[in-house]
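Colleague: Sharing a structure with you now.
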There are 2 protein chains.
Amino acid sequence: MKTLDSIDPNLDLVLERTLDVPVEAAWKAWTTPELIYDWFCPKPWKVVECAIDLFPGGRFNFVMQSPEGENYPNVGCVLEVEKEKKLSWTDNLLPGFRPTANHTSTSGLKFTAIILFEADGNKTKYTAIAKHKDEADKTKHEEMGFHQGWGICADQLVALMKDK
Amino acid sequence: MKTLDSIDPNLDLVLERTLDVPVEAAWKAWTTPELIYDWFCPKPWKVVECAIDLFPGGRFNFVMQSPEGENYPNVGCVLEVEKEKKLSWTDNLLPGFRPTANHTSTSGLKFTAIILFEADGNKTKYTAIAKHKDEADKTKHEEMGFHQGWGICADQLVALMKDK
């Protein structure tokens, strides 16, 4: 990571895992909308729509659906795409890098996600970073269950891609 | 430009010019802090500090100084760097892609700047786009003198780089 990507423990949340799937599979799960449906939120929640453009300024949009069938749209902008190494996106910008003042995410807070992938034989070293604007947002995200939620999703990703 | 870069006339401001300097000179003026000092705001205002990291997530920071000597710091984040073709940055993110809720720019509004360069013999086709979150911000920026101000700066850039 470049210096400016460095993590600030007061503002950032980090999940580190070794995923029991090859890096190609982990990357594919993160960048293919049809696969996102099956692992991207802890069941029984699910994703029912998704659009990802794999270039800076592209869409990172998805609609989460609650078990009661209520839809929660999320709109974000892709920032960095380094195949099988790094995927970054933010909901602090709309697609096309347009500023947004409105909350566009289910969580009601804004963050930048930086997902790092590194091959480790047939496994993947996986680091998911959420960067926030202040400690209040970081704490809110943590209390909403960031580590548990993203951990469950990582397990779901592995379960899905193991069979592929 | 990719589709998602497309301009929305309700939300965006655009300045188009042919600059009487080669594309290498125009790019250098936009990406070299010591040169930014001399052309980046209409005189007698000037830039007195500047830091630019030419990679996505890098700094696009500068301090403008009024004729009375008052300093106005601006903090932004580089989004896209395509040498002699495109430079994008936003003040809706801090360096490192961190979300920001606070206004960090002199203008009091947030925007994403997309600067396009195209060689035209010894001249440069130059397009400066400012993308806003809503019509109110776009109108405010226009009324602050976007076209005149950025036009004066373009003239200052040419005057500076003609001699180099």
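Each chain of the structure tokens is named A, B, ... in the order shown, its residues numbered from 1; ligands are numbered from 1 in display order.
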Give me, as a VMD selection string, the contact residues of chain B against chain A at a cut-off of 10 Å, counting only C-alpha atoms.
Modeller: chain B and resid 2 to 7 11 to 12 53 55 to 59 79 to 80 88 to 102 110 to 114 130 to 134
Colleague: Using DSSP on the backbone coordinates, identify the residues of chain B assigned to alpha helix (DSSP H); present them as number ranges by chain.
Modeller: B: 23-31, 33-39, 135-143, 146-162
Colleague: If you count only C-alpha atoms, which residues fall within 7 Å of Ala51 in chain B, apart from same-chain ones fewer than 6 positions away, as a list in words?
Modeller: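 After dropping sequence-adjacent residues, the list is Pro33, Arg59, Phe60, Asn61 and Phe62 of chain B.
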Colleague: Can those selected residues be exported to a file as a PDB file, in the first residue's frame so that it contains N, CA and C atoms?
Modeller:
```
ATOM      1  N   PRO B  33       3.760  21.538  -8.270  1.00  0.00           N
ATOM      2  CA  PRO B  33       3.370  22.533  -7.269  1.00  0.00           C
ATOM      3  C   PRO B  33       4.028  23.892  -7.467  1.00  0.00           C
ATOM      4  N   ARG B  59      -2.630  13.361  -2.586  1.00  0.00           N
ATOM      5  CA  ARG B  59      -3.088  14.692  -2.178  1.00  0.00           C
ATOM      6  C   ARG B  59      -3.285  15.620  -3.372  1.00  0.00           C
ATOM      7  N   PHE B  60      -4.322  16.437  -3.281  1.00  0.00           N
ATOM      8  CA  PHE B  60      -4.410  17.618  -4.145  1.00  0.00           C
ATOM      9  C   PHE B  60      -4.745  18.788  -3.218  1.00  0.00           C
ATOM     10  N   ASN B  61      -3.704  19.279  -2.574  1.00  0.00           N
ATOM     11  CA  ASN B  61      -3.857  20.285  -1.521  1.00  0.00           C
ATOM     12  C   ASN B  61      -3.219  21.601  -1.958  1.00  0.00           C
ATOM     13  N   PHE B  62      -3.885  22.690  -1.640  1.00  0.00           N
ATOM     14  CA  PHE B  62      -3.254  23.976  -1.920  1.00  0.00           C
ATOM     15  C   PHE B  62      -3.827  25.032  -0.987  1.00  0.00           C
TER      16      PHE B  62
END
```
Colleague: Could you give me, as a PyMOL selection string, the residues within 10 Å of Glu118 in chain A, counting only C-alpha atoms and dropping anything in the same chain fewer than 4 positions from it?
Modeller: chain A and resi 18+22-24+26-27+84-86+123-127
Colleague: Please report, as a PyMOL selection string, each residue of chain B to which DSSP assigns strand (DSSP E) when run on this structure's backbone.
Modeller: chain B and resi 12-19+46-52+60-65+71-74+77-82+86-90+93-94+98-99+112-120+123-131
Colleague: May I ask which of the residues A:Val63, A:Ile152, A:Ala159, A:Ala25 is the closest one to Lys83 in chain A, counting only C-alpha atoms?
Modeller: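 Closest residue, counting only C-alpha atoms: A:Ala25.
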Colleague: Near His147 in chain B, counting only C-alpha atoms, which residues have an atom at most 12 Å away, once you skip same-chain residues fewer than 6 positions from it, shown as a ChimeraX atom specification?
Modeller: /B:12-17,42,127-130,138-139,141,153-154
Colleague: Please save N, CA, C and O atoms of the selected residues as a PDB file, in the first residue's frame.
Modeller:
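Final file, result-v4.pdb:
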```pdb
ATOM      1  N   ASP B  12     -23.200  20.372 -13.954  1.00  0.00           N
ATOM      2  CA  ASP B  12     -21.774  20.535 -14.225  1.00  0.00           C
ATOM      3  C   ASP B  12     -21.472  21.871 -14.893  1.00  0.00           C
ATOM      4  O   ASP B  12     -22.298  22.404 -15.631  1.00  0.00           O
ATOM      5  N   LEU B  13     -20.276  22.388 -14.646  1.00  0.00           N
ATOM      6  CA  LEU B  13     -19.773  23.568 -15.347  1.00  0.00           C
ATOM      7  C   LEU B  13     -18.586  23.133 -16.190  1.00  0.00           C
ATOM      8  O   LEU B  13     -17.783  22.291 -15.762  1.00  0.00           O
ATOM      9  N   VAL B  14     -18.484  23.716 -17.372  1.00  0.00           N
ATOM     10  CA  VAL B  14     -17.435  23.298 -18.309  1.00  0.00           C
ATOM     11  C   VAL B  14     -16.771  24.527 -18.920  1.00  0.00           C
ATOM     12  O   VAL B  14     -17.456  25.455 -19.357  1.00  0.00           O
ATOM     13  N   LEU B  15     -15.449  24.512 -18.918  1.00  0.00           N
ATOM     14  CA  LEU B  15     -14.684  25.529 -19.645  1.00  0.00           C
ATOM     15  C   LEU B  15     -13.889  24.820 -20.732  1.00  0.00           C
ATOM     16  O   LEU B  15     -13.125  23.896 -20.447  1.00  0.00           O
ATOM     17  N   GLU B  16     -14.062  25.248 -21.973  1.00  0.00           N
ATOM     18  CA  GLU B  16     -13.298  24.666 -23.084  1.00  0.00           C
ATOM     19  C   GLU B  16     -12.439  25.754 -23.700  1.00  0.00           C
ATOM     20  O   GLU B  16     -12.925  26.856 -23.978  1.00  0.00           O
ATOM     21  N   ARG B  17     -11.188  25.431 -23.945  1.00  0.00           N
ATOM     22  CA  ARG B  17     -10.250  26.395 -24.498  1.00  0.00           C
ATOM     23  C   ARG B  17      -9.238  25.672 -25.380  1.00  0.00           C
ATOM     24  O   ARG B  17      -8.962  24.492 -25.146  1.00  0.00           O
ATOM     25  N   PRO B  42      -6.731  33.576  -9.946  1.00  0.00           N
ATOM     26  CA  PRO B  42      -6.620  34.885 -10.608  1.00  0.00           C
ATOM     27  C   PRO B  42      -5.855  35.877  -9.728  1.00  0.00           C
ATOM     28  O   PRO B  42      -6.194  36.064  -8.562  1.00  0.00           O
ATOM     29  N   THR B 127     -10.127  21.040 -21.542  1.00  0.00           N
ATOM     30  CA  THR B 127     -11.504  21.021 -21.033  1.00  0.00           C
ATOM     31  C   THR B 127     -11.458  20.876 -19.520  1.00  0.00           C
ATOM     32  O   THR B 127     -10.896  19.895 -19.010  1.00  0.00           O
ATOM     33  N   ALA B 128     -12.019  21.841 -18.818  1.00  0.00           N
ATOM     34  CA  ALA B 128     -12.062  21.789 -17.355  1.00  0.00           C
ATOM     35  C   ALA B 128     -13.521  21.635 -16.935  1.00  0.00           C
ATOM     36  O   ALA B 128     -14.362  22.470 -17.252  1.00  0.00           O
ATOM     37  N   ILE B 129     -13.804  20.530 -16.243  1.00  0.00           N
ATOM     38  CA  ILE B 129     -15.177  20.209 -15.836  1.00  0.00           C
ATOM     39  C   ILE B 129     -15.258  20.241 -14.314  1.00  0.00           C
ATOM     40  O   ILE B 129     -14.398  19.685 -13.635  1.00  0.00           O
ATOM     41  N   ALA B 130     -16.288  20.904 -13.797  1.00  0.00           N
ATOM     42  CA  ALA B 130     -16.556  20.869 -12.353  1.00  0.00           C
ATOM     43  C   ALA B 130     -17.913  20.196 -12.149  1.00  0.00           C
ATOM     44  O   ALA B 130     -18.927  20.673 -12.667  1.00  0.00           O
ATOM     45  N   LYS B 138     -24.025  24.041  -8.261  1.00  0.00           N
ATOM     46  CA  LYS B 138     -23.585  24.416  -9.612  1.00  0.00           C
ATOM     47  C   LYS B 138     -23.840  25.907  -9.859  1.00  0.00           C
ATOM     48  O   LYS B 138     -22.979  26.639 -10.340  1.00  0.00           O
ATOM     49  N   THR B 139     -25.036  26.367  -9.491  1.00  0.00           N
ATOM     50  CA  THR B 139     -25.391  27.774  -9.701  1.00  0.00           C
ATOM     51  C   THR B 139     -24.511  28.686  -8.852  1.00  0.00           C
ATOM     52  O   THR B 139     -24.024  29.727  -9.315  1.00  0.00           O
ATOM     53  N   HIS B 141     -21.489  28.097  -7.814  1.00  0.00           N
ATOM     54  CA  HIS B 141     -20.146  28.109  -8.399  1.00  0.00           C
ATOM     55  C   HIS B 141     -20.109  28.994  -9.651  1.00  0.00           C
ATOM     56  O   HIS B 141     -19.150  29.733  -9.878  1.00  0.00           O
ATOM     57  N   CYS B 153      -7.334  32.002 -15.231  1.00  0.00           N
ATOM     58  CA  CYS B 153      -6.262  31.066 -14.845  1.00  0.00           C
ATOM     59  C   CYS B 153      -5.655  30.395 -16.073  1.00  0.00           C
ATOM     60  O   CYS B 153      -4.437  30.214 -16.148  1.00  0.00           O
ATOM     61  N   ALA B 154      -6.509  30.028 -17.028  1.00  0.00           N
ATOM     62  CA  ALA B 154      -5.996  29.401 -18.257  1.00  0.00           C
ATOM     63  C   ALA B 154      -5.059  30.375 -18.980  1.00  0.00           C
ATOM     64  O   ALA B 154      -3.992  29.988 -19.465  1.00  0.00           O
TER      65      ALA B 154
END
```
Colleague: For Glu82 in chain A, which residue among A:Leu116, A:Lys162, A:Cys50, A:Cys41 is the nearest when counting only C-alpha atoms?
Modeller: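 Looking at the shortest contact to Glu82 in chain A, the residue is A:Leu116.
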Colleague: If we count only C-alpha atoms and set the cut-off at 9 Å, which residues sit around Met161 in chain B, ignoring sequence neighbours fewer than 2 positions away in its own chain? Please answer as a ChimeraX atom specification.
Modeller: /B:21,25-26,28-29,35,156-159,163-164
Colleague: The selected residues should be written to file as a compact mmCIF listing (two decimals), in the first residue's frame (atoms: all heavy atoms).
Modeller:
```
# COMPACT_ATOMS: atom_id res chain seq x y z
N VAL B 21 -0.06 26.51 -25.86
CA VAL B 21 1.17 25.83 -25.40
C VAL B 21 1.01 24.34 -25.71
O VAL B 21 -0.12 23.84 -25.79
CB VAL B 21 1.42 26.02 -23.87
CG1 VAL B 21 1.77 27.47 -23.54
CG2 VAL B 21 0.22 25.55 -23.06
N ALA B 25 3.47 21.02 -21.78
CA ALA B 25 3.58 22.21 -20.92
C ALA B 25 2.31 22.40 -20.09
O ALA B 25 2.38 22.73 -18.90
CB ALA B 25 3.83 23.45 -21.78
N ALA B 26 1.16 22.17 -20.70
CA ALA B 26 -0.11 22.32 -19.96
C ALA B 26 -0.18 21.31 -18.81
O ALA B 26 -0.57 21.64 -17.68
CB ALA B 26 -1.29 22.15 -20.91
N LYS B 28 2.38 19.84 -17.34
CA LYS B 28 3.39 20.18 -16.34
C LYS B 28 2.89 21.30 -15.42
O LYS B 28 3.09 21.25 -14.20
CB LYS B 28 4.67 20.63 -17.07
CG LYS B 28 5.90 20.64 -16.20
CD LYS B 28 7.14 20.97 -17.05
CE LYS B 28 8.34 21.23 -16.16
NZ LYS B 28 9.46 21.81 -16.92
N ALA B 29 2.22 22.29 -16.01
CA ALA B 29 1.70 23.40 -15.20
C ALA B 29 0.67 22.91 -14.18
O ALA B 29 0.58 23.42 -13.06
CB ALA B 29 1.08 24.47 -16.10
N LEU B 35 4.87 25.38 -10.06
CA LEU B 35 4.23 26.12 -11.16
C LEU B 35 2.81 26.53 -10.79
O LEU B 35 2.35 27.61 -11.18
CB LEU B 35 4.24 25.25 -12.43
CG LEU B 35 5.63 24.90 -12.97
CD1 LEU B 35 5.53 23.96 -14.17
CD2 LEU B 35 6.41 26.16 -13.35
N GLN B 156 -3.33 32.75 -17.55
CA GLN B 156 -2.12 32.85 -16.72
C GLN B 156 -1.21 31.64 -16.95
O GLN B 156 0.02 31.75 -16.97
CB GLN B 156 -2.49 32.97 -15.24
CG GLN B 156 -3.16 34.30 -14.90
CD GLN B 156 -3.60 34.45 -13.45
OE1 GLN B 156 -4.00 35.52 -13.04
NE2 GLN B 156 -3.55 33.39 -12.66
N LEU B 157 -1.84 30.46 -17.10
CA LEU B 157 -1.07 29.24 -17.39
C LEU B 157 -0.29 29.41 -18.69
O LEU B 157 0.91 29.12 -18.76
CB LEU B 157 -2.03 28.04 -17.45
CG LEU B 157 -1.44 26.64 -17.66
CD1 LEU B 157 -2.43 25.58 -17.19
CD2 LEU B 157 -1.04 26.35 -19.10
N VAL B 158 -0.98 29.89 -19.72
CA VAL B 158 -0.33 30.07 -21.03
C VAL B 158 0.81 31.09 -20.92
O VAL B 158 1.93 30.84 -21.39
CB VAL B 158 -1.35 30.49 -22.10
CG1 VAL B 158 -0.64 30.89 -23.39
CG2 VAL B 158 -2.35 29.36 -22.36
N ALA B 159 0.54 32.21 -20.27
CA ALA B 159 1.57 33.26 -20.13
C ALA B 159 2.80 32.70 -19.43
O ALA B 159 3.94 32.98 -19.81
CB ALA B 159 1.00 34.45 -19.36
N ASP B 163 6.98 31.02 -21.70
CA ASP B 163 8.37 31.43 -21.50
C ASP B 163 9.28 30.27 -21.12
O ASP B 163 10.49 30.45 -21.05
CB ASP B 163 8.44 32.47 -20.36
CG ASP B 163 7.54 33.66 -20.66
OD1 ASP B 163 7.33 33.94 -21.85
OD2 ASP B 163 7.07 34.29 -19.70
N LYS B 164 8.70 29.13 -20.82
CA LYS B 164 9.53 28.03 -20.27
C LYS B 164 10.22 27.26 -21.39
O LYS B 164 9.70 27.14 -22.49
CB LYS B 164 8.64 27.08 -19.46
CG LYS B 164 7.93 27.77 -18.32
CD LYS B 164 8.60 27.53 -16.99
CE LYS B 164 7.97 28.39 -15.89
NZ LYS B 164 8.82 28.59 -14.74
```
Colleague: How many Å lie between CA of Val75 in chain B and CA of Asp8 in chain A, rounded to one decimal?
Modeller: 18.1 Å
Colleague: If we count only C-alpha atoms, what is near Gly69 in chain B at a cut-off of 12 Å, once residues fewer than 3 positions away on the same chain are taken out, given as a list in words?
Modeller: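 Contacts, with the query itself left out: Pro44, Trp45, Lys46, Val47, Val48, Val63, Met64, Gln65, Ser66 and Tyr72 of chain B.
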